[in-house]
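Below: protein-v3.tsv (TSV, C-alpha atoms)
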```tsv
chain	number	residue	atom	x	y	z
A	1	MET	CA	-2.70	-4.90	30.69
A	2	SER	CA	-3.01	-4.50	26.89
A	3	LEU	CA	-2.20	-7.52	24.75
A	4	PRO	CA	0.69	-7.46	22.25
A	5	SER	CA	-0.37	-6.96	18.64
A	6	VAL	CA	0.35	-9.69	16.12
A	7	ASP	CA	2.24	-7.21	13.93
A	8	ASN	CA	4.52	-6.28	16.84
A	9	LEU	CA	5.13	-9.96	17.55
A	10	ARG	CA	6.01	-10.51	13.87
A	11	CYS	CA	8.54	-7.68	14.16
A	12	PHE	CA	9.96	-9.27	17.30
A	13	LEU	CA	10.36	-12.63	15.52
A	14	ALA	CA	12.08	-10.95	12.57
A	15	ALA	CA	14.49	-9.16	14.92
A	16	ALA	CA	15.20	-12.40	16.80
A	17	ARG	CA	15.84	-14.19	13.50
A	18	HIS	CA	18.24	-11.63	12.00
A	19	LEU	CA	19.71	-10.07	15.17
A	20	ASN	CA	19.97	-6.97	12.99
A	21	PHE	CA	17.17	-4.38	13.10
A	22	ARG	CA	17.82	-2.98	9.61
A	23	ARG	CA	17.62	-6.40	7.95
A	24	ALA	CA	14.61	-7.34	10.09
A	25	ALA	CA	12.83	-4.11	9.12
A	26	ALA	CA	13.33	-4.91	5.43
A	27	ASP	CA	12.02	-8.43	6.05
A	28	VAL	CA	8.65	-7.07	7.26
A	29	ALA	CA	8.56	-4.15	4.79
A	30	LEU	CA	8.96	-1.35	7.37
A	31	THR	CA	11.38	1.54	7.63
A	32	PRO	CA	14.02	1.10	10.35
A	33	ALA	CA	12.39	3.92	12.34
A	34	ALA	CA	8.92	2.33	12.17
A	35	PHE	CA	10.38	-1.06	13.01
A	36	GLY	CA	12.18	0.29	16.07
A	37	GLN	CA	8.93	1.89	17.23
A	38	ARG	CA	7.14	-1.50	16.97
A	39	ILE	CA	9.80	-3.13	19.16
A	40	ARG	CA	9.60	-0.31	21.71
A	41	GLN	CA	5.79	-0.63	21.80
A	42	LEU	CA	6.10	-4.34	22.50
A	43	GLU	CA	8.67	-3.79	25.24
A	44	ASP	CA	6.42	-1.13	26.80
A	45	GLN	CA	3.43	-3.50	26.69
A	46	LEU	CA	5.41	-6.29	28.33
A	47	ASP	CA	7.26	-3.94	30.67
A	48	ASP	CA	10.60	-5.58	29.92
A	49	ARG	CA	13.55	-5.18	27.56
A	50	LEU	CA	13.66	-7.84	24.82
A	51	PHE	CA	16.98	-6.97	23.15
A	52	ASP	CA	20.39	-5.76	24.26
A	53	ARG	CA	21.59	-3.38	21.54
A	54	THR	CA	24.95	-1.75	20.92
A	55	THR	CA	26.28	0.01	17.83
A	56	ARG	CA	27.79	-3.33	16.71
A	57	SER	CA	25.45	-6.06	17.91
A	58	VAL	CA	21.92	-7.10	18.85
A	59	ALA	CA	21.22	-9.94	21.30
A	60	LEU	CA	18.10	-11.35	22.93
A	61	THR	CA	17.73	-10.72	26.65
A	62	ASP	CA	16.45	-13.43	29.00
A	63	ALA	CA	12.96	-11.95	28.56
A	64	GLY	CA	13.38	-12.11	24.78
A	65	HIS	CA	14.38	-15.77	24.90
A	66	ALA	CA	11.36	-16.49	27.12
A	67	LEU	CA	9.00	-14.72	24.71
A	68	LEU	CA	10.28	-16.46	21.57
A	69	PRO	CA	8.26	-19.74	21.64
A	70	ALA	CA	5.07	-18.01	22.80
A	71	ALA	CA	5.43	-15.38	20.04
A	72	ARG	CA	5.81	-18.10	17.41
A	73	ASP	CA	2.68	-19.85	18.69
A	74	ALA	CA	0.69	-16.60	18.76
A	75	VAL	CA	1.60	-15.61	15.19
A	76	ALA	CA	0.87	-19.13	13.92
A	77	ALA	CA	-2.53	-19.10	15.70
A	78	ALA	CA	-3.36	-15.71	14.16
A	79	ALA	CA	-2.58	-17.09	10.69
A	80	ARG	CA	-4.95	-20.01	11.31
A	81	CYS	CA	-7.67	-17.54	12.38
A	82	ALA	CA	-7.26	-15.64	9.10
A	83	ASP	CA	-7.55	-18.88	7.10
A	84	ALA	CA	-10.75	-19.79	8.94
A	85	VAL	CA	-12.41	-16.40	8.38
A	86	ARG	CA	-11.48	-16.32	4.69
A	87	GLY	CA	-13.15	-19.70	4.29
A	88	GLU	CA	-10.13	-21.04	2.43
A	89	ASP	CA	-8.80	-24.53	2.75
A	90	VAL	CA	-6.21	-24.54	5.51
A	91	THR	CA	-2.92	-25.79	4.14
A	92	HIS	CA	-1.76	-29.14	5.44
A	93	PRO	CA	1.78	-29.74	4.18
A	94	ASP	CA	2.66	-33.38	3.56
A	95	VAL	CA	6.28	-33.19	2.43
A	96	VAL	CA	9.71	-34.76	2.72
A	97	ILE	CA	12.43	-32.13	3.27
A	98	GLY	CA	16.13	-32.76	2.75
A	99	THR	CA	19.04	-30.82	4.17
A	100	ARG	CA	22.64	-31.25	5.32
A	101	PHE	CA	23.27	-33.15	8.54
A	102	GLU	CA	24.42	-30.30	10.79
A	103	LEU	CA	21.62	-27.87	9.85
A	104	GLY	CA	19.11	-30.69	10.06
A	105	LEU	CA	20.13	-31.70	13.56
A	106	SER	CA	20.67	-28.25	15.07
A	107	TRP	CA	17.77	-26.33	13.49
A	108	LEU	CA	15.35	-28.27	11.29
A	109	THR	CA	14.70	-31.18	13.67
A	110	PRO	CA	13.72	-28.91	16.61
A	111	ALA	CA	11.59	-26.83	14.21
A	112	VAL	CA	9.71	-29.92	13.03
A	113	ALA	CA	9.25	-31.09	16.62
A	114	ASP	CA	7.60	-27.75	17.41
A	115	LEU	CA	5.47	-27.98	14.28
A	116	HIS	CA	4.12	-31.37	15.36
A	117	ARG	CA	2.88	-29.63	18.49
A	118	THR	CA	1.57	-26.37	16.98
A	119	HIS	CA	0.34	-27.78	13.63
A	120	PRO	CA	-0.72	-31.37	14.39
A	121	THR	CA	-2.30	-31.85	10.93
A	122	TRP	CA	1.00	-31.20	9.13
A	123	ARG	CA	3.04	-34.23	8.07
A	124	ILE	CA	6.72	-33.45	7.58
A	125	GLU	CA	9.42	-36.08	7.10
A	126	LEU	CA	13.17	-35.46	6.99
A	127	TYR	CA	16.03	-36.65	4.82
A	128	PHE	CA	19.66	-35.85	5.70
A	129	GLY	CA	22.55	-36.06	3.25
A	130	SER	CA	25.50	-34.25	1.73
A	131	GLY	CA	24.96	-31.16	-0.42
A	132	PRO	CA	25.20	-32.96	-3.80
A	133	ASP	CA	23.10	-35.86	-2.51
A	134	ILE	CA	20.10	-33.80	-1.37
A	135	ILE	CA	20.13	-31.88	-4.67
A	136	GLN	CA	20.08	-35.14	-6.63
A	137	GLN	CA	17.26	-36.49	-4.44
A	138	LEU	CA	15.22	-33.35	-5.17
A	139	LEU	CA	15.81	-33.41	-8.93
A	140	SER	CA	14.94	-37.11	-9.12
A	141	GLY	CA	11.64	-36.54	-7.28
A	142	ALA	CA	12.62	-38.73	-4.32
A	143	ILE	CA	12.03	-35.83	-1.90
A	144	ASP	CA	9.74	-32.81	-2.18
A	145	ALA	CA	11.98	-29.92	-1.10
A	146	ILE	CA	15.42	-29.11	0.25
A	147	ILE	CA	16.91	-26.44	2.48
A	148	THR	CA	20.31	-25.31	1.25
A	149	SER	CA	22.46	-22.26	0.55
A	150	ALA	CA	24.10	-23.94	-2.47
A	151	PRO	CA	23.71	-21.92	-5.72
A	152	LEU	CA	21.05	-23.53	-7.93
A	153	ALA	CA	20.24	-21.31	-10.93
A	154	ARG	CA	17.68	-23.54	-12.66
A	155	THR	CA	14.40	-22.65	-14.32
A	156	ASP	CA	12.81	-25.92	-13.17
A	157	LEU	CA	13.15	-24.98	-9.48
A	158	GLU	CA	11.31	-22.49	-7.27
A	159	HIS	CA	12.30	-21.21	-3.86
A	160	GLU	CA	11.58	-18.99	-0.88
A	161	VAL	CA	14.32	-17.32	1.12
A	162	LEU	CA	14.41	-18.46	4.77
A	163	HIS	CA	17.46	-16.91	6.46
A	164	PRO	CA	20.59	-14.94	5.60
A	165	GLU	CA	23.80	-16.85	6.25
A	166	HIS	CA	26.87	-14.91	7.38
A	167	TYR	CA	30.38	-16.33	7.72
A	168	ARG	CA	33.48	-15.74	9.85
A	169	LEU	CA	37.09	-16.94	9.70
A	170	VAL	CA	37.83	-18.45	13.11
A	171	GLY	CA	40.51	-20.33	15.02
A	172	ALA	CA	41.26	-21.65	18.49
A	173	PRO	CA	42.87	-19.05	20.83
A	174	SER	CA	45.82	-21.32	21.62
A	175	LEU	CA	46.61	-21.80	17.93
A	176	ILE	CA	46.36	-18.08	17.15
A	177	ALA	CA	48.50	-17.15	20.17
A	178	GLU	CA	51.21	-19.46	18.82
A	179	ARG	CA	50.81	-18.44	15.16
A	180	PRO	CA	49.00	-15.09	14.79
A	181	LEU	CA	46.79	-14.60	11.73
A	182	ASP	CA	46.23	-10.85	11.68
A	183	HIS	CA	47.00	-10.35	7.97
A	184	PRO	CA	46.09	-12.48	4.90
A	185	SER	CA	49.79	-13.02	4.17
A	186	HIS	CA	50.09	-14.97	7.45
A	187	ALA	CA	47.79	-17.73	6.13
A	188	GLY	CA	50.83	-19.82	5.14
A	189	ALA	CA	51.34	-20.72	8.80
A	190	HIS	CA	47.94	-22.44	8.99
A	191	VAL	CA	45.96	-25.41	7.73
A	192	LEU	CA	42.57	-24.51	6.28
A	193	LEU	CA	39.75	-26.86	7.32
A	194	ASP	CA	36.72	-27.05	5.04
A	195	VAL	CA	33.70	-29.14	4.15
A	196	ASP	CA	34.10	-29.95	0.47
A	197	PRO	CA	36.88	-29.17	-2.04
A	198	THR	CA	34.37	-28.63	-4.87
A	199	LEU	CA	32.30	-26.02	-2.99
A	200	PRO	CA	34.45	-24.82	-0.07
A	201	LEU	CA	33.09	-22.47	2.59
A	202	ALA	CA	36.39	-20.60	2.44
A	203	ARG	CA	35.33	-19.14	-0.91
A	204	TYR	CA	33.10	-16.69	0.98
A	205	LEU	CA	36.31	-15.15	2.39
A	206	THR	CA	38.93	-15.78	-0.29
A	207	SER	CA	36.69	-14.20	-2.96
A	208	VAL	CA	36.99	-10.81	-1.26
A	209	ALA	CA	40.37	-11.07	0.53
A	210	PRO	CA	43.93	-10.59	-0.77
A	211	PRO	CA	45.72	-13.85	-1.71
A	212	MET	CA	45.79	-16.29	1.22
A	213	PRO	CA	48.30	-19.10	0.56
A	214	PHE	CA	47.33	-21.58	3.29
A	215	ALA	CA	49.88	-24.27	4.12
A	216	ASP	CA	47.36	-27.03	3.40
A	217	MET	CA	43.63	-27.67	3.05
A	218	ARG	CA	41.88	-30.60	4.72
A	219	THR	CA	38.26	-31.54	4.08
A	220	CYS	CA	36.06	-32.87	6.84
A	221	GLY	CA	32.70	-33.66	5.18
A	222	THR	CA	30.40	-31.62	7.42
A	223	GLY	CA	30.40	-28.20	9.05
A	224	GLY	CA	30.04	-29.85	12.44
A	225	ALA	CA	33.28	-31.80	11.92
A	226	VAL	CA	35.07	-28.65	10.74
A	227	ARG	CA	33.94	-26.83	13.89
A	228	GLN	CA	35.11	-29.63	16.21
A	229	LEU	CA	38.56	-29.81	14.62
A	230	THR	CA	38.88	-26.02	14.66
A	231	LEU	CA	38.07	-25.99	18.38
A	232	THR	CA	40.92	-28.43	19.01
A	233	GLY	CA	43.43	-26.27	17.11
A	234	VAL	CA	43.95	-28.49	14.07
A	235	GLY	CA	43.48	-25.52	11.74
A	236	VAL	CA	41.43	-22.43	10.95
A	237	ALA	CA	38.10	-22.38	9.12
A	238	VAL	CA	35.39	-20.24	7.58
A	239	LEU	CA	32.14	-21.22	9.28
A	240	PRO	CA	28.56	-19.86	9.39
A	241	GLU	CA	27.86	-17.49	12.27
A	242	TYR	CA	24.89	-19.48	13.60
A	243	MET	CA	27.14	-22.50	14.13
A	244	ILE	CA	29.87	-20.68	16.07
A	245	ARG	CA	27.92	-17.91	17.84
A	246	ASP	CA	28.22	-19.58	21.25
A	247	ASP	CA	31.90	-20.47	20.69
A	248	LEU	CA	32.76	-16.84	19.94
A	249	ALA	CA	30.80	-15.64	22.98
A	250	ALA	CA	32.57	-18.18	25.22
A	251	GLY	CA	36.00	-17.38	23.77
A	252	THR	CA	36.67	-20.95	22.64
A	253	LEU	CA	37.01	-19.60	19.09
A	254	VAL	CA	38.27	-16.18	18.02
A	255	HIS	CA	37.22	-14.10	15.02
A	256	LEU	CA	40.18	-13.65	12.63
A	257	LEU	CA	40.71	-10.85	10.10
A	258	PRO	CA	37.64	-8.95	11.36
A	259	ASP	CA	38.29	-6.06	8.95
A	260	ILE	CA	37.53	-8.34	5.97
A	261	GLU	CA	33.80	-9.00	5.60
A	262	PRO	CA	33.17	-12.36	3.89
A	263	LEU	CA	30.44	-12.69	1.30
A	264	SER	CA	27.07	-13.77	2.67
A	265	ASP	CA	24.50	-16.22	1.37
A	266	THR	CA	20.93	-17.29	2.09
A	267	PHE	CA	19.29	-20.52	3.14
A	268	ARG	CA	16.36	-21.24	0.85
A	269	LEU	CA	13.50	-23.73	0.74
A	270	ILE	CA	13.71	-25.10	-2.81
A	271	TRP	CA	11.25	-27.32	-4.67
A	272	ARG	CA	10.58	-28.48	-8.22
A	273	ALA	CA	8.45	-26.16	-10.35
A	274	THR	CA	5.76	-28.72	-11.18
A	275	PRO	CA	2.03	-28.09	-11.67
A	276	GLY	CA	0.01	-28.13	-8.47
A	277	ASP	CA	-0.91	-26.21	-5.35
A	278	ARG	CA	2.18	-24.64	-3.78
A	279	ARG	CA	0.41	-22.96	-0.86
A	280	ALA	CA	1.62	-25.60	1.57
A	281	LEU	CA	5.27	-24.97	0.72
A	282	HIS	CA	4.86	-21.20	0.95
A	283	GLU	CA	3.16	-21.59	4.33
A	284	LEU	CA	5.92	-23.92	5.52
A	285	ALA	CA	8.54	-21.37	4.43
A	286	ARG	CA	6.72	-18.64	6.38
A	287	VAL	CA	6.77	-20.73	9.56
A	288	LEU	CA	10.45	-21.72	9.16
A	289	ARG	CA	11.46	-18.08	8.67
A	290	ASP	CA	10.15	-17.36	12.16
A	291	ARG	CA	12.63	-19.77	13.74
A	292	PRO	CA	16.16	-18.35	14.18
A	293	LEU	CA	19.06	-20.44	12.95
A	294	GLN	CA	20.92	-22.39	15.62
```
Is it possible to give me this structure as structure tokens?
Amino acid sequence: MSLPSVDNLRCFLAAARHLNFRRAAADVALTPAAFGQRIRQLEDQLDDRLFDRTTRSVALTDAGHALLPAARDAVAAAARCADAVRGEDVTHPDVVIGTRFELGLSWLTPAVADLHRTHPTWRIELYFGSGPDIIQQLLSGAIDAIITSAPLARTDLEHEVLHPEHYRLVGAPSLIAERPLDHPSHAGAHVLLDVDPTLPLARYLTSVAPPMPFADMRTCGTGGAVRQLTLTGVGVAVLPEYMIRDDLAAGTLVHLLPDIEPLSDTFRLIWRATPGDRRALHELARVLRDRPLQ
């Protein structure tokens, strides 16, 4: 049996991260046709299907989920081999990373736990806070880097893109059955739940939709709290896809106004542009990009 190539595994990780072959192909600088061929080669080598694909969606199969951690380990090991042959100093990040609570608990904490296993020389500490808090901690020098999708157009900061962030307007089925929201003008029958009045998630939808005069807006502090209250039918909300993917699949939340595509954003690893060796942060960004949002 031939062994999978590292390049094919990198393509697999990109596809698993984006769940969109066109975006994944761009991520690894291949044409969509060449990217699809890499995935087919890998599936042929492993004699199993890794993705279920339709014209509207891409999802990992059971075999794809099983391959994911081993593929991450293999690509990370190949990178360490390249460092050793080049004779360069292997990067050993020693950083404190800040992010919001829900992303930190659902995605960053498991990623760091894996890194302690696969990169035992790396030292990564975590700081959780609100959006404004983690930005202030970064600017003051209290922490080394943050992961956020908040807009920060500053010349004293540098960043690497980690993951695209897509949004959906959702509500509980029981609420929508009672008060349908199949046109923006029906928003007046609903309460809008959101994280923060100064930087609401709803802006990703309302910026591209006709006027939506919601009956009220209630802030909940974190995306996780917004999701919980939306599930119970307190109101409707614009939430990131990674947070509600399982809810939509299970039918405990429904996608509203599907013909209106909200604006998207990106999660970025951001750090201060100070003199010094940045290889550790770039290497950390590369590893985090290989872990799908959850």
> What gap, in Å, lies between atom CA of A:Asn8 and atom CA of A:Leu108?
Replying inline: 25.1 Å
> Residues around (46.1, -13.7, 7.2), cut-off 12 Å, counting only C-alpha atoms - what are they as a count of residues only?
Replying inline: 35
>> Which residues are near A:Leu239? Cut-off 8 Å, all atoms listed in the file, ignore same chain within fewer than 3 positions. Put them as an NGL selection string.
In response: :A and (167-170 or 201 or 223 or 227 or 243-244)
> Quick one: residues within 10 Å of A:Leu199, only C-alpha atoms counted, chain neighbours fewer than 6 positions away excluded, as a PyMOL selection string?
Replying inline: chain A and resi 131-132+150-151
Cut-off 12 Å around (34.1, -32.4, 12.3) with only C-alpha atoms: residues as a short mmCIF file (atom, residue, chain, number, x, y, z; two decimals) with C-alpha atoms, in the coordinates of the input:
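Generated file (selection_26.cif):
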```
data_model
loop_
_atom_site.label_atom_id
_atom_site.label_comp_id
_atom_site.auth_asym_id
_atom_site.auth_seq_id
_atom_site.Cartn_x
_atom_site.Cartn_y
_atom_site.Cartn_z
CA PHE A 101 23.27 -33.15 8.54
CA GLU A 102 24.42 -30.30 10.79
CA LEU A 193 39.75 -26.86 7.32
CA ASP A 194 36.72 -27.05 5.04
CA VAL A 195 33.70 -29.14 4.15
CA ARG A 218 41.88 -30.60 4.72
CA THR A 219 38.26 -31.54 4.08
CA CYS A 220 36.06 -32.87 6.84
CA GLY A 221 32.70 -33.66 5.18
CA THR A 222 30.40 -31.62 7.42
CA GLY A 223 30.40 -28.20 9.05
CA GLY A 224 30.04 -29.85 12.44
CA ALA A 225 33.28 -31.80 11.92
CA VAL A 226 35.07 -28.65 10.74
CA ARG A 227 33.94 -26.83 13.89
CA GLN A 228 35.11 -29.63 16.21
CA LEU A 229 38.56 -29.81 14.62
CA THR A 230 38.88 -26.02 14.66
CA LEU A 231 38.07 -25.99 18.38
CA THR A 232 40.92 -28.43 19.01
CA VAL A 234 43.95 -28.49 14.07
CA GLY A 235 43.48 -25.52 11.74
CA ALA A 237 38.10 -22.38 9.12
CA LEU A 239 32.14 -21.22 9.28
#
```
> By how many Å are atom CA of A:Glu125 and atom CA of A:Glu283 apart?
Replying inline: 16.0 Å
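Minimum atom-to-atom distances from A:Ala34, A:Leu3, A:Ala202, A:Leu293 to A:Leu263 were compared using all atoms listed in the file, and the lowest value belongs to A:Ala202.
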>> Counting all atoms listed in the file, which residue out of A:Leu9, A:Leu138, A:Val287, A:Ile39 sits closest to A:Phe21?
In response: A:Ile39
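Each of A:Ala66, A:Leu126, A:Ala25, A:Val96 was compared to A:Thr109 using all atoms listed in the file, and A:Leu126 turns out to be the nearest.
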Write out as AutoDock Vina command-line options an axis-aligned box for stretch 118-127 of chain A: all of its atoms listed in the file, 4 Å added on each side, centre and edge lengths in Å with one decimal.
```
--center_x 6.9 --center_y -31.5 --center_z 10.9 --size_x 26.3 --size_y 18.3 --size_z 20.2
```
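For the choices A:Ser5, A:Gly104, A:Asp114, A:Arg56, the atom-to-atom distance to A:Ser130 is smallest for A:Gly104 when using only C-alpha atoms.
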